[in-house]
Amino acid sequence: MDNLVTFTSINLGKITNHRSGEVKFGEKMQTIPKGVSVTDYIKESKAKFVLFGIPEDIGVRANSGRPGAASAWDSCIQSIANIQHNRFCKGNQILVLGSLDTQEIMKEAENLKFSEVHDRKKLSELVERIDKEVSHIIFTIVKSGKIPIIIGGGHNNAYGAIKGTALAKGKPINAVNFDAHSDFRIIEGRHSGNGFSYAFDEGFLKKYFVFGLHESYTSKNVLLKLKDLEDRVRFNTYDEIAIQKIKHFDQELNQALAFIKSDGFGIEVDLDAIPNIPSSAMTCSGFSVEQLRQFVFHFGKHPHASYLHICEGAPVLGDEKNPHLIGKLVGYLITDFIKAQNSLHIG
């Protein structure tokens, strides 16, 4: 794990707001001690969940999106550190691994333009380099018997999450994606819009369900492709559920789970599906935060839930008066996921 920036107890102490009479996650979450083997410590840790950040937006830029997703990790870890440690959810269940070292690769991408064919090819090559690092780290976490919680970056990182988990389990996995877009576009060079199609094409993704597709922002070609693969790829639309009311949210949660639950599956969350959340493809219409939380809890309480990936949030694109909005939202989703997993062992 040469390209991992480990998060230390000193880092954690600096971002935790200590207050008399309160105990915060930052006081209880585990970190990798200095001089200790990262792989060995993950295996030996009693923490069930491993928190990992990917501060990049190269995949977004390779998909002609607005950069900014690289800023999510720093914002989110600060919010997570200040969640209350109590009987509802305990910080010591989390090992904060750290983040992918993207400093050099982000510099390489800094002056590349999507409009230039050569630059676009270079951006895709940089995404492939990130793929390799992400899949290796996720493989290590899952192989150690832990559950990765992945924060930040573009949705290109679904590929690395799926591949790493599949390799660790020794077989393809399934995925459910809360998203306005399918990210199942053609194999044309890696970017944030084709992480699932690449994972599917290469045999790491077995079944895929897109939850809440926006009808007005899904191309005819993608719809035809999804129809051709309906035995293994299914979807519902936000419009059917929230606007036309011909499908019901709770019933769709159950149908999506029934489709993917036979094998290990990843829970994917694209924050651009929530209205007014700063992201590369920000929307003004979509499901509520409460519905997203219900989605994460519903899938998280199944024993085959293998990871949680929350991506595309871009705090730097948001309101300067509320810089921690995305961090707080991600904090809610993480605690919902942990509570869901903990409910498996109750009774």
# chains A, B, ... in the order shown; residues from 1 in each chain; ligands from 1
$ closest_atom_pairs --of "stretch 235-310 of chain A" --to "stretch 150-161 of chain A" --cutoff "9 Å" --atoms "only C-alpha atoms" --output "CSV"
residue,atom,partner,partner_atom,distance
A:Gly266,CA,A:Ala161,CA,8.0
A:Glu268,CA,A:Ala158,CA,7.4
A:Val269,CA,A:His155,CA,8.8
A:Asp270,CA,A:His155,CA,7.1
A:Ser280,CA,A:Gly154,CA,8.5
A:Tyr307,CA,A:Ile150,CA,7.8
A:Leu308,CA,A:Ile150,CA,6.2
A:His309,CA,A:Ile150,CA,4.6
A:Ile310,CA,A:Ile151,CA,5.2
$ write_last_selection --atoms "C-alpha atoms" --output "CSV table (one decimal), in the first residue's frame"
chain,number,residue,atom,x,y,z
A,266,GLY,CA,-21.9,-3.3,-3.0
A,268,GLU,CA,-23.4,2.6,-4.2
A,269,VAL,CA,-24.5,6.1,-3.5
A,270,ASP,CA,-24.1,9.0,-5.9
A,280,SER,CA,-20.4,17.4,-10.6
A,307,TYR,CA,-19.2,-2.3,1.1
A,308,LEU,CA,-20.7,1.2,1.1
A,309,HIS,CA,-19.4,3.7,-1.4
A,310,ILE,CA,-20.5,7.3,-1.3
$ select_by_dssp --residues "stretch 110-316 of chain A" --states "alpha helix (DSSP H)" --output "ChimeraX atom specification"
/A:117-143,157-169,195-201,220-228,238,249-260,289-300
$ closest_residue --among "A:Ser75, A:Ser99, A:Thr237, A:Thr335" --to "A:Phe52" --atoms "only C-alpha atoms"
A:Ser99
$ closest_residue --among "A:Gln341, A:Ser219, A:Thr283, A:Asn177" --to "A:Phe297" --atoms "only C-alpha atoms"
A:Gln341
$ residues_around --residues "stretch 81-85 of chain A" --least-positions-apart "3" --cutoff "6 Å" --atoms "only C-alpha atoms" --output "PDB file with all heavy atoms, in the first residue's frame"
ATOM      1  N   THR A  16     -11.065  16.734  15.900  1.00  0.00           N
ATOM      2  CA  THR A  16     -12.129  16.390  16.844  1.00  0.00           C
ATOM      3  C   THR A  16     -12.343  17.541  17.827  1.00  0.00           C
ATOM      4  O   THR A  16     -11.403  17.998  18.482  1.00  0.00           O
ATOM      5  CB  THR A  16     -11.770  15.108  17.630  1.00  0.00           C
ATOM      6  OG1 THR A  16     -11.541  14.044  16.707  1.00  0.00           O
ATOM      7  CG2 THR A  16     -12.905  14.717  18.567  1.00  0.00           C
ATOM      8  N   VAL A  23     -18.507  12.374  24.343  1.00  0.00           N
ATOM      9  CA  VAL A  23     -17.489  11.527  23.717  1.00  0.00           C
ATOM     10  C   VAL A  23     -17.770  11.484  22.215  1.00  0.00           C
ATOM     11  O   VAL A  23     -18.878  11.134  21.800  1.00  0.00           O
ATOM     12  CB  VAL A  23     -17.495  10.093  24.294  1.00  0.00           C
ATOM     13  CG1 VAL A  23     -16.398   9.264  23.642  1.00  0.00           C
ATOM     14  CG2 VAL A  23     -17.320  10.113  25.810  1.00  0.00           C
ATOM     15  N   LYS A  24     -16.799  11.853  21.418  1.00  0.00           N
ATOM     16  CA  LYS A  24     -16.978  11.913  19.968  1.00  0.00           C
ATOM     17  C   LYS A  24     -16.346  10.695  19.292  1.00  0.00           C
ATOM     18  O   LYS A  24     -15.471  10.031  19.853  1.00  0.00           O
ATOM     19  CB  LYS A  24     -16.319  13.190  19.421  1.00  0.00           C
ATOM     20  CG  LYS A  24     -16.812  14.494  20.066  1.00  0.00           C
ATOM     21  CD  LYS A  24     -18.209  14.838  19.634  1.00  0.00           C
ATOM     22  CE  LYS A  24     -18.658  16.188  20.189  1.00  0.00           C
ATOM     23  NZ  LYS A  24     -17.865  17.324  19.676  1.00  0.00           N
ATOM     24  N   PHE A  25     -16.784  10.442  18.067  1.00  0.00           N
ATOM     25  CA  PHE A  25     -16.200   9.353  17.279  1.00  0.00           C
ATOM     26  C   PHE A  25     -14.672   9.497  17.197  1.00  0.00           C
ATOM     27  O   PHE A  25     -13.939   8.520  17.216  1.00  0.00           O
ATOM     28  CB  PHE A  25     -16.791   9.346  15.864  1.00  0.00           C
ATOM     29  CG  PHE A  25     -17.983   8.447  15.696  1.00  0.00           C
ATOM     30  CD1 PHE A  25     -18.902   8.273  16.723  1.00  0.00           C
ATOM     31  CD2 PHE A  25     -18.192   7.771  14.506  1.00  0.00           C
ATOM     32  CE1 PHE A  25     -20.005   7.449  16.563  1.00  0.00           C
ATOM     33  CE2 PHE A  25     -19.291   6.941  14.333  1.00  0.00           C
ATOM     34  CZ  PHE A  25     -20.199   6.772  15.371  1.00  0.00           C
ATOM     35  N   GLY A  26     -14.215  10.742  17.045  1.00  0.00           N
ATOM     36  CA  GLY A  26     -12.785  10.986  16.898  1.00  0.00           C
ATOM     37  C   GLY A  26     -11.959  10.529  18.086  1.00  0.00           C
ATOM     38  O   GLY A  26     -10.748  10.318  17.971  1.00  0.00           O
ATOM     39  N   GLN A  78     -13.817  15.149   8.892  1.00  0.00           N
ATOM     40  CA  GLN A  78     -13.969  16.094   9.995  1.00  0.00           C
ATOM     41  C   GLN A  78     -15.360  15.987  10.617  1.00  0.00           C
ATOM     42  O   GLN A  78     -15.503  16.011  11.851  1.00  0.00           O
ATOM     43  CB  GLN A  78     -13.713  17.523   9.509  1.00  0.00           C
ATOM     44  CG  GLN A  78     -13.740  18.557  10.627  1.00  0.00           C
ATOM     45  CD  GLN A  78     -13.182  19.894  10.198  1.00  0.00           C
ATOM     46  OE1 GLN A  78     -12.462  19.988   9.211  1.00  0.00           O
ATOM     47  NE2 GLN A  78     -13.490  20.932  10.948  1.00  0.00           N
ATOM     48  N   LYS A  90     -21.296   3.405  17.849  1.00  0.00           N
ATOM     49  CA  LYS A  90     -20.027   3.573  18.547  1.00  0.00           C
ATOM     50  C   LYS A  90     -18.863   3.748  17.559  1.00  0.00           C
ATOM     51  O   LYS A  90     -18.720   2.998  16.602  1.00  0.00           O
ATOM     52  CB  LYS A  90     -19.774   2.365  19.452  1.00  0.00           C
ATOM     53  CG  LYS A  90     -20.847   2.200  20.535  1.00  0.00           C
ATOM     54  CD  LYS A  90     -20.536   1.050  21.457  1.00  0.00           C
ATOM     55  CE  LYS A  90     -21.641   0.876  22.499  1.00  0.00           C
ATOM     56  NZ  LYS A  90     -21.771   2.043  23.378  1.00  0.00           N
ATOM     57  N   GLY A  91     -18.045   4.732  17.843  1.00  0.00           N
ATOM     58  CA  GLY A  91     -16.922   5.044  16.970  1.00  0.00           C
ATOM     59  C   GLY A  91     -15.847   3.977  16.906  1.00  0.00           C
ATOM     60  O   GLY A  91     -15.118   3.876  15.916  1.00  0.00           O
TER      61      GLY A  91
END
